[in-house]
>>> print(open('start-v2.cif').read())   # mmCIF, C-alpha atoms
data_model
#
loop_
_atom_site.label_atom_id
_atom_site.label_comp_id
_atom_site.auth_asym_id
_atom_site.auth_seq_id
_atom_site.Cartn_x
_atom_site.Cartn_y
_atom_site.Cartn_z
CA MET Z 1 4.17 9.80 -10.90
CA ALA Z 2 6.23 12.54 -9.31
CA GLY Z 3 4.42 15.83 -9.36
CA PHE Z 4 1.05 14.22 -10.12
CA HIS Z 5 -1.99 15.93 -8.68
CA THR Z 6 -5.61 14.92 -8.79
CA SER Z 7 -8.55 16.92 -10.00
CA SER Z 8 -10.79 15.81 -7.13
CA SER Z 9 -10.60 17.23 -3.64
CA PRO Z 10 -8.61 15.06 -1.23
CA PRO Z 11 -9.99 14.03 2.15
CA PRO Z 12 -9.26 16.25 5.15
CA GLN Z 13 -5.81 16.11 6.69
CA CYS Z 14 -5.18 12.90 8.52
CA ARG Z 15 -4.68 13.29 12.26
CA ARG Z 16 -2.55 10.91 14.27
CA GLY Z 17 -3.19 9.50 17.69
CA PRO Z 18 -2.41 6.39 19.74
CA ILE Z 19 -4.51 3.39 18.87
CA ASN Z 20 -4.79 -0.24 19.86
CA GLY Z 21 -1.16 -0.51 20.98
CA ASP Z 22 -0.13 -1.43 17.44
CA ILE Z 23 1.83 1.61 16.45
CA GLU Z 24 2.60 5.11 17.64
CA GLY Z 25 -0.31 6.62 15.76
CA GLN Z 26 -3.08 5.93 13.29
CA PRO Z 27 -5.16 8.15 11.02
CA VAL Z 28 -8.61 9.24 12.06
CA LEU Z 29 -11.12 8.34 9.36
CA ALA Z 30 -11.69 10.82 6.55
CA ASN Z 31 -14.74 12.43 8.11
CA GLY Z 32 -13.20 12.46 11.58
CA GLY Z 33 -15.74 9.91 12.77
CA SER Z 34 -16.15 6.20 13.06
CA SER Z 35 -17.05 3.43 10.66
CA SER Z 36 -18.43 -0.09 10.81
CA THR Z 37 -14.84 -1.37 11.00
CA GLN Z 38 -14.40 0.30 14.39
CA THR Z 39 -16.18 0.15 17.72
CA SER Z 40 -15.45 1.68 21.10
CA ASN Z 41 -14.17 -1.71 22.30
CA ASN Z 42 -12.34 -2.66 19.11
CA PRO Z 43 -10.50 0.23 17.49
CA PRO Z 44 -9.36 -0.41 13.91
CA THR Z 45 -6.21 -2.41 13.33
CA ALA Z 46 -3.33 -1.12 11.25
CA LEU Z 47 -4.46 -3.26 8.31
CA GLN Z 48 -7.99 -1.82 8.52
CA GLN Z 49 -6.50 1.67 8.60
CA HIS Z 50 -4.34 0.74 5.62
CA VAL Z 51 -7.42 0.09 3.49
CA SER Z 52 -9.59 2.86 5.00
CA PHE Z 53 -8.33 5.30 2.35
CA PHE Z 54 -10.33 3.36 -0.22
CA ASP Z 55 -13.49 3.37 1.93
CA ARG Z 56 -14.40 7.00 1.31
CA ASP Z 57 -17.90 6.83 2.82
CA ASN Z 58 -16.66 4.93 5.91
CA ASP Z 59 -19.31 2.24 5.69
CA GLY Z 60 -16.80 -0.60 5.95
CA ILE Z 61 -17.38 -1.75 2.37
CA ILE Z 62 -14.93 -1.13 -0.48
CA TRP Z 63 -16.43 -1.45 -3.94
CA PRO Z 64 -14.32 -2.18 -7.03
CA SER Z 65 -15.00 1.38 -8.14
CA ASP Z 66 -13.53 2.60 -4.82
CA VAL Z 67 -10.34 0.66 -5.52
CA TYR Z 68 -10.04 2.19 -8.98
CA SER Z 69 -10.76 5.72 -7.71
CA GLY Z 70 -8.28 5.30 -4.87
CA PHE Z 71 -5.47 4.29 -7.20
CA ARG Z 72 -6.25 7.22 -9.47
CA ALA Z 73 -6.19 9.56 -6.45
CA LEU Z 74 -2.74 8.21 -5.57
CA GLY Z 75 -1.46 9.20 -9.00
CA PHE Z 76 -1.55 5.92 -10.90
CA GLY Z 77 -2.56 5.97 -14.56
CA VAL Z 78 -5.75 4.61 -16.05
CA LEU Z 79 -4.30 1.28 -17.18
CA PHE Z 80 -2.55 0.59 -13.88
CA SER Z 81 -5.69 1.56 -11.96
CA LEU Z 82 -7.74 -0.79 -14.11
CA GLY Z 83 -5.25 -3.51 -13.24
CA SER Z 84 -5.87 -2.77 -9.56
CA LEU Z 85 -9.34 -4.28 -10.03
CA LEU Z 86 -7.62 -7.64 -9.60
CA ILE Z 87 -7.56 -6.75 -5.88
CA PRO Z 88 -11.32 -7.18 -5.35
CA VAL Z 89 -11.30 -10.18 -7.69
CA PHE Z 90 -8.90 -12.05 -5.41
CA PHE Z 91 -9.59 -10.50 -2.00
CA SER Z 92 -13.34 -10.02 -1.94
CA TYR Z 93 -14.20 -13.60 -1.05
CA PRO Z 94 -11.78 -13.99 1.91
CA THR Z 95 -13.25 -10.87 3.53
CA ARG Z 96 -16.76 -12.09 2.71
CA LEU Z 97 -16.20 -15.19 4.84
CA GLY Z 98 -16.78 -13.12 7.96
CA ARG Z 99 -20.40 -12.79 6.84
CA SER Z 100 -21.26 -15.66 4.53
CA TRP Z 101 -19.87 -18.61 2.61
CA VAL Z 102 -21.57 -17.25 -0.49
CA PRO Z 103 -19.24 -15.11 -2.67
CA ASP Z 104 -20.22 -11.49 -3.17
CA PRO Z 105 -21.31 -11.18 -6.81
CA LEU Z 106 -20.38 -7.46 -6.69
CA LEU Z 107 -16.81 -8.27 -5.53
CA ARG Z 108 -16.98 -5.93 -2.56
CA ILE Z 109 -14.23 -6.00 0.08
CA TYR Z 110 -15.36 -5.97 3.72
CA ALA Z 111 -12.85 -3.94 5.70
CA ARG Z 112 -13.82 -5.41 9.07
CA ASP Z 113 -12.48 -8.80 7.96
CA ILE Z 114 -9.59 -7.61 5.79
CA HIS Z 115 -7.22 -9.73 7.94
CA LYS Z 116 -8.81 -12.80 6.36
CA ALA Z 117 -7.25 -11.72 3.06
CA LYS Z 118 -3.70 -12.13 4.39
CA HIS Z 119 -1.74 -14.47 2.16
CA GLY Z 120 1.34 -16.63 2.39
CA SER Z 121 4.85 -15.50 1.43
CA ASP Z 122 4.27 -12.05 2.96
CA SER Z 123 6.55 -10.10 5.26
CA GLY Z 124 4.59 -10.93 8.42
CA VAL Z 125 4.59 -7.27 9.49
CA TYR Z 126 0.83 -7.55 9.89
CA ASN Z 127 0.03 -10.29 12.38
CA PHE Z 128 -2.90 -12.72 12.16
CA ASP Z 129 -5.50 -10.12 13.17
CA GLY Z 130 -4.07 -7.28 11.08
CA SER Z 131 -2.15 -5.49 13.83
CA PHE Z 132 1.20 -3.91 13.04
CA ASP Z 133 4.27 -5.67 14.44
CA ALA Z 134 6.74 -2.82 14.91
CA ASP Z 135 9.60 -5.06 16.06
CA ARG Z 136 9.27 -7.31 13.02
CA PHE Z 137 9.12 -4.27 10.75
CA ASP Z 138 12.33 -2.86 12.23
CA ARG Z 139 14.13 -6.20 11.95
CA MET Z 140 12.96 -6.66 8.37
CA PHE Z 141 14.03 -3.21 7.29
CA ASN Z 142 17.40 -3.29 9.03
CA TYR Z 143 18.17 -6.73 7.58
CA PHE Z 144 17.44 -5.77 3.98
CA ASP Z 145 18.80 -2.21 4.06
CA THR Z 146 22.10 -3.42 2.69
CA SER Z 147 23.39 0.08 1.96
CA GLY Z 148 22.66 1.38 5.46
CA THR Z 149 21.09 4.51 3.96
CA GLY Z 150 17.63 4.07 5.49
CA GLY Z 151 16.09 3.06 2.16
CA LEU Z 152 15.40 -0.17 0.29
CA SER Z 153 16.55 -0.45 -3.32
CA VAL Z 154 15.04 -2.61 -6.04
CA GLY Z 155 17.69 -5.23 -5.30
CA ASP Z 156 16.87 -5.14 -1.59
CA LEU Z 157 13.17 -5.67 -2.31
CA VAL Z 158 13.94 -8.56 -4.65
CA ALA Z 159 16.00 -10.17 -1.88
CA LEU Z 160 13.14 -9.63 0.56
CA LEU Z 161 10.67 -11.28 -1.82
CA ARG Z 162 12.95 -14.27 -2.29
CA LYS Z 163 13.48 -14.74 1.43
CA ASP Z 164 9.74 -14.55 2.21
CA ARG Z 165 8.71 -17.10 -0.42
CA CYS Z 166 7.03 -20.18 1.01
CA ALA Z 167 7.21 -23.51 -0.80
CA ALA Z 168 4.41 -24.34 -3.27
CA ASP Z 169 2.78 -20.94 -2.87
CA PRO Z 170 2.61 -19.35 -6.35
CA ALA Z 171 -0.44 -17.28 -5.37
CA GLY Z 172 1.39 -15.80 -2.38
CA TRP Z 173 4.50 -15.12 -4.49
CA SER Z 174 2.38 -13.28 -7.05
CA PHE Z 175 0.46 -11.21 -4.50
CA ALA Z 176 3.66 -10.25 -2.67
CA PHE Z 177 5.34 -9.22 -5.93
CA MET Z 178 2.38 -7.05 -6.94
CA GLU Z 179 2.26 -5.41 -3.51
CA TRP Z 180 5.97 -4.58 -3.37
CA TRP Z 181 6.06 -3.49 -7.01
CA THR Z 182 3.18 -1.08 -6.41
CA THR Z 183 4.83 0.16 -3.21
CA TRP Z 184 8.09 0.90 -5.00
CA LEU Z 185 6.33 2.68 -7.87
CA LEU Z 186 4.49 4.87 -5.37
CA LEU Z 187 7.26 5.63 -2.86
CA GLN Z 188 10.67 5.43 -4.49
CA LYS Z 189 12.94 8.43 -4.54
CA ASP Z 190 16.34 8.07 -6.20
CA GLY Z 191 15.66 4.34 -6.44
CA ARG Z 192 14.96 3.71 -2.76
CA VAL Z 193 11.93 3.40 -0.49
CA SER Z 194 12.54 5.14 2.83
CA LYS Z 195 11.76 3.54 6.17
CA ASP Z 196 9.43 6.35 7.27
CA ASP Z 197 7.42 6.17 4.05
CA LEU Z 198 7.16 2.40 4.20
CA ARG Z 199 5.97 2.49 7.81
CA ALA Z 200 3.40 5.15 6.93
CA CYS Z 201 2.22 2.90 4.10
CA TYR Z 202 1.71 0.04 6.54
CA ASP Z 203 -0.20 2.13 9.08
CA GLY Z 204 -2.35 3.86 6.45
CA THR Z 205 -1.30 7.47 6.99
CA LEU Z 206 0.74 7.74 3.79
CA PHE Z 207 -2.21 7.59 1.40
CA TRP Z 208 -3.89 10.55 3.07
CA LYS Z 209 -0.60 12.46 2.96
CA ILE Z 210 -0.23 11.86 -0.76
CA SER Z 211 -3.80 12.97 -1.40
CA GLU Z 212 -3.33 16.09 0.70
CA GLU Z 213 -0.09 17.05 -1.02
CA SER Z 214 -1.71 16.48 -4.39
CA SER Z 215 -4.37 19.06 -3.53
CA LYS Z 216 -1.73 21.75 -2.98
CA GLY Z 217 -0.72 21.91 -6.64
CA GLY Z 218 2.82 20.57 -6.39
CA GLY Z 219 1.74 16.98 -6.16
CA TRP Z 220 3.48 13.99 -4.65
CA GLN Z 221 7.16 14.34 -5.43
CA LYS Z 222 8.10 10.69 -5.17
CA GLY Z 223 7.31 7.61 -7.22
CA TYR Z 224 8.11 6.22 -10.63
CA GLY Z 225 5.83 6.33 -13.64
CA ILE Z 226 5.88 6.35 -17.41
CA ASN Z 227 7.16 9.93 -17.50
CA GLU Z 228 10.16 9.06 -15.34
CA PHE Z 229 10.79 5.93 -17.40
CA LEU Z 230 10.79 7.75 -20.75
CA TYR Z 231 12.77 10.72 -19.48
CA SER Z 232 15.36 8.44 -17.91
CA LEU Z 233 15.84 6.48 -21.12
CA TRP Z 234 16.09 9.65 -23.17
CA SER Z 235 18.47 11.52 -20.86
CA SER Z 236 20.68 8.75 -19.53
CA GLY Z 237 20.04 5.61 -21.56
CA THR Z 238 18.85 3.66 -18.51
CA TRP Z 239 15.60 3.37 -16.59
CA LYS Z 240 17.58 3.92 -13.39
CA TYR Z 241 17.87 7.69 -13.65
CA TRP Z 242 19.30 7.99 -10.13
CA GLU Z 243 22.37 6.04 -11.18
CA ALA Z 244 23.05 8.50 -13.97
CA LYS Z 245 23.04 11.32 -11.41
CA THR Z 246 26.02 9.82 -9.62
CA LYS Z 247 28.15 9.38 -12.74
#
>>> encode(input="start-v2.cif", output="structure tokens")
Amino acid sequence: MAGFHTSSSPPPQCRRGPINGDIEGQPVLANGGSSSTQTSNNPPTALQQHVSFFDRDNDGIIWPSDVYSGFRALGFGVLFSLGSLLIPVFFSYPTRLGRSWVPDPLLRIYARDIHKAKHGSDSGVYNFDGSFDADRFDRMFNYFDTSGTGGLSVGDLVALLRKDRCAADPAGWSFAFMEWWTTWLLLQKDGRVSKDDLRACYDGTLFWKISEESSKGGGWQKGYGINEFLYSLWSSGTWKYWEAKTK
């Protein structure tokens, strides 16, 4: 994962500006314009901005192929990106409910109603309409940052998952696990996910940053992939290569 760069051109640099009172800043859409998820009276929520990276033509509709291409652009391998197609399988219909009771046979995700795809056993950092709750985010991070280093370890994330689990909610447990696992694989550095990176992931700016850095040749220098796994086992006998550094 670290050092990965894509062969396709990334979208233009993401600009930040105040929006909707949710957070300090949000990314302008890839073409600098507006989309069907956004009107002059209803600027996009943080959750809509979070998924806007996958809506490359800004029409408010995310096709399964967009999900696959987005994961590839973020540096994930072919098999993992194919696995990401479970996202439209599970989340297409909830977002479809804003338009029709009839499921979309093409499994498209409708960004305007992405808040309808919120599930149980989550962190609650996105509220019911998809806005970002900065106070809840700060409390969550400070509570689970057991080392006080400004980063969440694998153990911290496991504790977070356990604390958020609702009773009789296996679907929510599974979705939360997949989301946090993917987040750690994308963001970890020396075994920890930093607060700034995690916040940028929530508000949607991080994906554009990764794509931009990938276009510069050096690639995204964080994350954990098969190369890191194999190298860590070969060099230190453990998948936790950052622990070997401290010995």
>>> resolve_selection(input="start-v2.cif", expression="the PyMOL selection byres ((chain Z and resi 141) around 12)", output="VMD selection string")
chain Z and resid 123 125 134 to 140 142 to 153 156 to 157 159 to 160 193 to 199
>>> write_last_selection(input="start-v2.cif", atoms="C-alpha atoms", output="mmCIF file, keeping the file's coordinate frame")
data_model
loop_
_atom_site.group_PDB
_atom_site.id
_atom_site.type_symbol
_atom_site.label_atom_id
_atom_site.label_comp_id
_atom_site.auth_asym_id
_atom_site.auth_seq_id
_atom_site.Cartn_x
_atom_site.Cartn_y
_atom_site.Cartn_z
ATOM 1 C CA SER Z 123 6.550 -10.100 5.260
ATOM 2 C CA VAL Z 125 4.590 -7.270 9.490
ATOM 3 C CA ALA Z 134 6.740 -2.820 14.910
ATOM 4 C CA ASP Z 135 9.600 -5.060 16.060
ATOM 5 C CA ARG Z 136 9.270 -7.310 13.020
ATOM 6 C CA PHE Z 137 9.120 -4.270 10.750
ATOM 7 C CA ASP Z 138 12.330 -2.860 12.230
ATOM 8 C CA ARG Z 139 14.130 -6.200 11.950
ATOM 9 C CA MET Z 140 12.960 -6.660 8.370
ATOM 10 C CA ASN Z 142 17.400 -3.290 9.030
ATOM 11 C CA TYR Z 143 18.170 -6.730 7.580
ATOM 12 C CA PHE Z 144 17.440 -5.770 3.980
ATOM 13 C CA ASP Z 145 18.800 -2.210 4.060
ATOM 14 C CA THR Z 146 22.100 -3.420 2.690
ATOM 15 C CA SER Z 147 23.390 0.080 1.960
ATOM 16 C CA GLY Z 148 22.660 1.380 5.460
ATOM 17 C CA THR Z 149 21.090 4.510 3.960
ATOM 18 C CA GLY Z 150 17.630 4.070 5.490
ATOM 19 C CA GLY Z 151 16.090 3.060 2.160
ATOM 20 C CA LEU Z 152 15.400 -0.170 0.290
ATOM 21 C CA SER Z 153 16.550 -0.450 -3.320
ATOM 22 C CA ASP Z 156 16.870 -5.140 -1.590
ATOM 23 C CA LEU Z 157 13.170 -5.670 -2.310
ATOM 24 C CA ALA Z 159 16.000 -10.170 -1.880
ATOM 25 C CA LEU Z 160 13.140 -9.630 0.560
ATOM 26 C CA VAL Z 193 11.930 3.400 -0.490
ATOM 27 C CA SER Z 194 12.540 5.140 2.830
ATOM 28 C CA LYS Z 195 11.760 3.540 6.170
ATOM 29 C CA ASP Z 196 9.430 6.350 7.270
ATOM 30 C CA ASP Z 197 7.420 6.170 4.050
ATOM 31 C CA LEU Z 198 7.160 2.400 4.200
ATOM 32 C CA ARG Z 199 5.970 2.490 7.810
#
>>> closest_residue(input="start-v2.cif", among="Z:Phe175, Z:Phe128, Z:Trp234, Z:Trp242", to="Z:Gln188", atoms="all atoms listed in the file")
Z:Trp242
>>> resolve_selection(input="start-v2.cif", expression="the PyMOL selection byres ((chain Z and resi 221) around 12)", output="MDAnalysis selection string")
chainID Z and resid 1:5 74:75 185:190 209:211 213:214 216:220 222:225 228
>>> resolve_selection(input="start-v2.cif", expression="the PyMOL selection byres ((chain Z and resi 118-120) around 12)", output="CSV table (one decimal) with C-alpha atoms, keeping the file's coordinate frame")
chain,number,residue,atom,x,y,z
Z,47,LEU,CA,-4.5,-3.3,8.3
Z,48,GLN,CA,-8.0,-1.8,8.5
Z,90,PHE,CA,-8.9,-12.0,-5.4
Z,91,PHE,CA,-9.6,-10.5,-2.0
Z,92,SER,CA,-13.3,-10.0,-1.9
Z,93,TYR,CA,-14.2,-13.6,-1.0
Z,94,PRO,CA,-11.8,-14.0,1.9
Z,95,THR,CA,-13.2,-10.9,3.5
Z,113,ASP,CA,-12.5,-8.8,8.0
Z,114,ILE,CA,-9.6,-7.6,5.8
Z,115,HIS,CA,-7.2,-9.7,7.9
Z,116,LYS,CA,-8.8,-12.8,6.4
Z,117,ALA,CA,-7.2,-11.7,3.1
Z,121,SER,CA,4.8,-15.5,1.4
Z,122,ASP,CA,4.3,-12.0,3.0
Z,123,SER,CA,6.6,-10.1,5.3
Z,124,GLY,CA,4.6,-10.9,8.4
Z,125,VAL,CA,4.6,-7.3,9.5
Z,126,TYR,CA,0.8,-7.6,9.9
Z,127,ASN,CA,0.0,-10.3,12.4
Z,128,PHE,CA,-2.9,-12.7,12.2
Z,129,ASP,CA,-5.5,-10.1,13.2
Z,130,GLY,CA,-4.1,-7.3,11.1
Z,131,SER,CA,-2.2,-5.5,13.8
Z,161,LEU,CA,10.7,-11.3,-1.8
Z,164,ASP,CA,9.7,-14.6,2.2
Z,165,ARG,CA,8.7,-17.1,-0.4
Z,166,CYS,CA,7.0,-20.2,1.0
Z,167,ALA,CA,7.2,-23.5,-0.8
Z,168,ALA,CA,4.4,-24.3,-3.3
Z,169,ASP,CA,2.8,-20.9,-2.9
Z,170,PRO,CA,2.6,-19.4,-6.4
Z,171,ALA,CA,-0.4,-17.3,-5.4
Z,172,GLY,CA,1.4,-15.8,-2.4
Z,173,TRP,CA,4.5,-15.1,-4.5
Z,174,SER,CA,2.4,-13.3,-7.0
Z,175,PHE,CA,0.5,-11.2,-4.5
Z,176,ALA,CA,3.7,-10.2,-2.7
Z,177,PHE,CA,5.3,-9.2,-5.9
Z,179,GLU,CA,2.3,-5.4,-3.5
>>> atom_distance(input="start-v2.cif", atom1="atom CA of Z:Val78", atom2="atom CA of Z:Asp104")
25.2 Å
>>> atom_distance(input="start-v2.cif", atom1="atom CA of Z:Ser236", atom2="atom CA of Z:Thr183")
24.3 Å
>>> residues_around(input="start-v2.cif", residues="Z:Gly83", least_positions_apart="3", cutoff="12 Å", atoms="all atoms listed in the file", output="number ranges by chain")
Z: 64, 67-68, 71-72, 76-80, 86-89, 178, 182
>>> write_last_selection(input="start-v2.cif", atoms="C-alpha atoms", output="mmCIF file, in the coordinates of the input")
data_model
loop_
_atom_site.group_PDB
_atom_site.id
_atom_site.type_symbol
_atom_site.label_atom_id
_atom_site.label_comp_id
_atom_site.auth_asym_id
_atom_site.auth_seq_id
_atom_site.Cartn_x
_atom_site.Cartn_y
_atom_site.Cartn_z
ATOM 1 C CA PRO Z 64 -14.320 -2.180 -7.030
ATOM 2 C CA VAL Z 67 -10.340 0.660 -5.520
ATOM 3 C CA TYR Z 68 -10.040 2.190 -8.980
ATOM 4 C CA PHE Z 71 -5.470 4.290 -7.200
ATOM 5 C CA ARG Z 72 -6.250 7.220 -9.470
ATOM 6 C CA PHE Z 76 -1.550 5.920 -10.900
ATOM 7 C CA GLY Z 77 -2.560 5.970 -14.560
ATOM 8 C CA VAL Z 78 -5.750 4.610 -16.050
ATOM 9 C CA LEU Z 79 -4.300 1.280 -17.180
ATOM 10 C CA PHE Z 80 -2.550 0.590 -13.880
ATOM 11 C CA LEU Z 86 -7.620 -7.640 -9.600
ATOM 12 C CA ILE Z 87 -7.560 -6.750 -5.880
ATOM 13 C CA PRO Z 88 -11.320 -7.180 -5.350
ATOM 14 C CA VAL Z 89 -11.300 -10.180 -7.690
ATOM 15 C CA MET Z 178 2.380 -7.050 -6.940
ATOM 16 C CA THR Z 182 3.180 -1.080 -6.410
#
>>> build_atoms(input="start-v2.cif", residues="stretch 63-73 of chain Z", atoms="all heavy atoms", output="PDB file, in the frame of the given file")
ATOM      1  N   TRP Z  63     -15.971  -0.978  -2.641  1.00  0.00           N
ATOM      2  CA  TRP Z  63     -16.430  -1.450  -3.940  1.00  0.00           C
ATOM      3  C   TRP Z  63     -15.270  -1.451  -4.928  1.00  0.00           C
ATOM      4  O   TRP Z  63     -14.298  -0.710  -4.749  1.00  0.00           O
ATOM      5  CB  TRP Z  63     -17.543  -0.539  -4.461  1.00  0.00           C
ATOM      6  CG  TRP Z  63     -18.810  -0.577  -3.658  1.00  0.00           C
ATOM      7  CD1 TRP Z  63     -19.002  -0.069  -2.401  1.00  0.00           C
ATOM      8  CD2 TRP Z  63     -20.055  -1.163  -4.052  1.00  0.00           C
ATOM      9  NE1 TRP Z  63     -20.289  -0.290  -1.987  1.00  0.00           N
ATOM     10  CE2 TRP Z  63     -20.964  -0.961  -2.980  1.00  0.00           C
ATOM     11  CE3 TRP Z  63     -20.488  -1.825  -5.203  1.00  0.00           C
ATOM     12  CZ2 TRP Z  63     -22.275  -1.407  -3.036  1.00  0.00           C
ATOM     13  CZ3 TRP Z  63     -21.807  -2.264  -5.261  1.00  0.00           C
ATOM     14  CH2 TRP Z  63     -22.677  -2.063  -4.190  1.00  0.00           C
ATOM     15  N   PRO Z  64     -15.360  -2.238  -5.983  1.00  0.00           N
ATOM     16  CA  PRO Z  64     -14.320  -2.180  -7.030  1.00  0.00           C
ATOM     17  C   PRO Z  64     -14.095  -0.774  -7.549  1.00  0.00           C
ATOM     18  O   PRO Z  64     -12.951  -0.383  -7.826  1.00  0.00           O
ATOM     19  CB  PRO Z  64     -14.868  -3.120  -8.110  1.00  0.00           C
ATOM     20  CG  PRO Z  64     -15.674  -4.130  -7.350  1.00  0.00           C
ATOM     21  CD  PRO Z  64     -16.322  -3.341  -6.237  1.00  0.00           C
ATOM     22  N   SER Z  65     -15.161   0.000  -7.676  1.00  0.00           N
ATOM     23  CA  SER Z  65     -15.000   1.380  -8.140  1.00  0.00           C
ATOM     24  C   SER Z  65     -14.214   2.217  -7.143  1.00  0.00           C
ATOM     25  O   SER Z  65     -13.504   3.153  -7.527  1.00  0.00           O
ATOM     26  CB  SER Z  65     -16.375   2.015  -8.391  1.00  0.00           C
ATOM     27  OG  SER Z  65     -17.150   2.017  -7.209  1.00  0.00           O
ATOM     28  N   ASP Z  66     -14.318   1.897  -5.830  1.00  0.00           N
ATOM     29  CA  ASP Z  66     -13.530   2.600  -4.820  1.00  0.00           C
ATOM     30  C   ASP Z  66     -12.051   2.300  -4.981  1.00  0.00           C
ATOM     31  O   ASP Z  66     -11.194   3.178  -4.789  1.00  0.00           O
ATOM     32  CB  ASP Z  66     -13.983   2.182  -3.412  1.00  0.00           C
ATOM     33  CG  ASP Z  66     -15.395   2.627  -3.076  1.00  0.00           C
ATOM     34  OD1 ASP Z  66     -15.825   3.664  -3.610  1.00  0.00           O
ATOM     35  OD2 ASP Z  66     -16.060   1.939  -2.272  1.00  0.00           O
ATOM     36  N   VAL Z  67     -11.737   1.043  -5.309  1.00  0.00           N
ATOM     37  CA  VAL Z  67     -10.340   0.660  -5.520  1.00  0.00           C
ATOM     38  C   VAL Z  67      -9.766   1.437  -6.701  1.00  0.00           C
ATOM     39  O   VAL Z  67      -8.669   2.013  -6.611  1.00  0.00           O
ATOM     40  CB  VAL Z  67     -10.227  -0.858  -5.758  1.00  0.00           C
ATOM     41  CG1 VAL Z  67      -8.774  -1.234  -6.079  1.00  0.00           C
ATOM     42  CG2 VAL Z  67     -10.711  -1.635  -4.540  1.00  0.00           C
ATOM     43  N   TYR Z  68     -10.503   1.464  -7.802  1.00  0.00           N
ATOM     44  CA  TYR Z  68     -10.040   2.190  -8.980  1.00  0.00           C
ATOM     45  C   TYR Z  68      -9.856   3.675  -8.663  1.00  0.00           C
ATOM     46  O   TYR Z  68      -8.802   4.262  -8.975  1.00  0.00           O
ATOM     47  CB  TYR Z  68     -11.045   2.029 -10.128  1.00  0.00           C
ATOM     48  CG  TYR Z  68     -10.715   2.869 -11.340  1.00  0.00           C
ATOM     49  CD1 TYR Z  68      -9.812   2.413 -12.303  1.00  0.00           C
ATOM     50  CD2 TYR Z  68     -11.286   4.130 -11.519  1.00  0.00           C
ATOM     51  CE1 TYR Z  68      -9.490   3.185 -13.404  1.00  0.00           C
ATOM     52  CE2 TYR Z  68     -10.967   4.912 -12.623  1.00  0.00           C
ATOM     53  CZ  TYR Z  68     -10.076   4.433 -13.553  1.00  0.00           C
ATOM     54  OH  TYR Z  68      -9.754   5.213 -14.634  1.00  0.00           O
ATOM     55  N   SER Z  69     -10.846   4.288  -8.028  1.00  0.00           N
ATOM     56  CA  SER Z  69     -10.760   5.720  -7.710  1.00  0.00           C
ATOM     57  C   SER Z  69      -9.614   6.010  -6.754  1.00  0.00           C
ATOM     58  O   SER Z  69      -8.938   7.030  -6.880  1.00  0.00           O
ATOM     59  CB  SER Z  69     -12.089   6.191  -7.089  1.00  0.00           C
ATOM     60  OG  SER Z  69     -13.158   6.023  -7.991  1.00  0.00           O
ATOM     61  N   GLY Z  70      -9.381   5.098  -5.809  1.00  0.00           N
ATOM     62  CA  GLY Z  70      -8.280   5.300  -4.870  1.00  0.00           C
ATOM     63  C   GLY Z  70      -6.930   5.272  -5.549  1.00  0.00           C
ATOM     64  O   GLY Z  70      -6.060   6.099  -5.251  1.00  0.00           O
ATOM     65  N   PHE Z  71      -6.738   4.352  -6.471  1.00  0.00           N
ATOM     66  CA  PHE Z  71      -5.470   4.290  -7.200  1.00  0.00           C
ATOM     67  C   PHE Z  71      -5.282   5.526  -8.076  1.00  0.00           C
ATOM     68  O   PHE Z  71      -4.168   6.059  -8.192  1.00  0.00           O
ATOM     69  CB  PHE Z  71      -5.390   3.018  -8.038  1.00  0.00           C
ATOM     70  CG  PHE Z  71      -4.780   1.858  -7.305  1.00  0.00           C
ATOM     71  CD1 PHE Z  71      -5.518   1.164  -6.357  1.00  0.00           C
ATOM     72  CD2 PHE Z  71      -3.470   1.477  -7.536  1.00  0.00           C
ATOM     73  CE1 PHE Z  71      -4.965   0.100  -5.663  1.00  0.00           C
ATOM     74  CE2 PHE Z  71      -2.901   0.417  -6.850  1.00  0.00           C
ATOM     75  CZ  PHE Z  71      -3.649  -0.277  -5.898  1.00  0.00           C
ATOM     76  N   ARG Z  72      -6.350   6.000  -8.667  1.00  0.00           N
ATOM     77  CA  ARG Z  72      -6.250   7.220  -9.470  1.00  0.00           C
ATOM     78  C   ARG Z  72      -5.881   8.411  -8.574  1.00  0.00           C
ATOM     79  O   ARG Z  72      -5.069   9.262  -8.947  1.00  0.00           O
ATOM     80  CB  ARG Z  72      -7.569   7.493 -10.182  1.00  0.00           C
ATOM     81  CG  ARG Z  72      -7.887   6.499 -11.280  1.00  0.00           C
ATOM     82  CD  ARG Z  72      -6.945   6.660 -12.475  1.00  0.00           C
ATOM     83  NE  ARG Z  72      -7.220   7.894 -13.201  1.00  0.00           N
ATOM     84  CZ  ARG Z  72      -6.293   8.658 -13.774  1.00  0.00           C
ATOM     85  NH1 ARG Z  72      -5.014   8.330 -13.675  1.00  0.00           N
ATOM     86  NH2 ARG Z  72      -6.635   9.742 -14.441  1.00  0.00           N
ATOM     87  N   ALA Z  73      -6.483   8.467  -7.379  1.00  0.00           N
ATOM     88  CA  ALA Z  73      -6.190   9.560  -6.450  1.00  0.00           C
ATOM     89  C   ALA Z  73      -4.750   9.527  -5.970  1.00  0.00           C
ATOM     90  O   ALA Z  73      -4.179  10.562  -5.610  1.00  0.00           O
ATOM     91  CB  ALA Z  73      -7.141   9.505  -5.250  1.00  0.00           C
TER      92      ALA Z  73
END
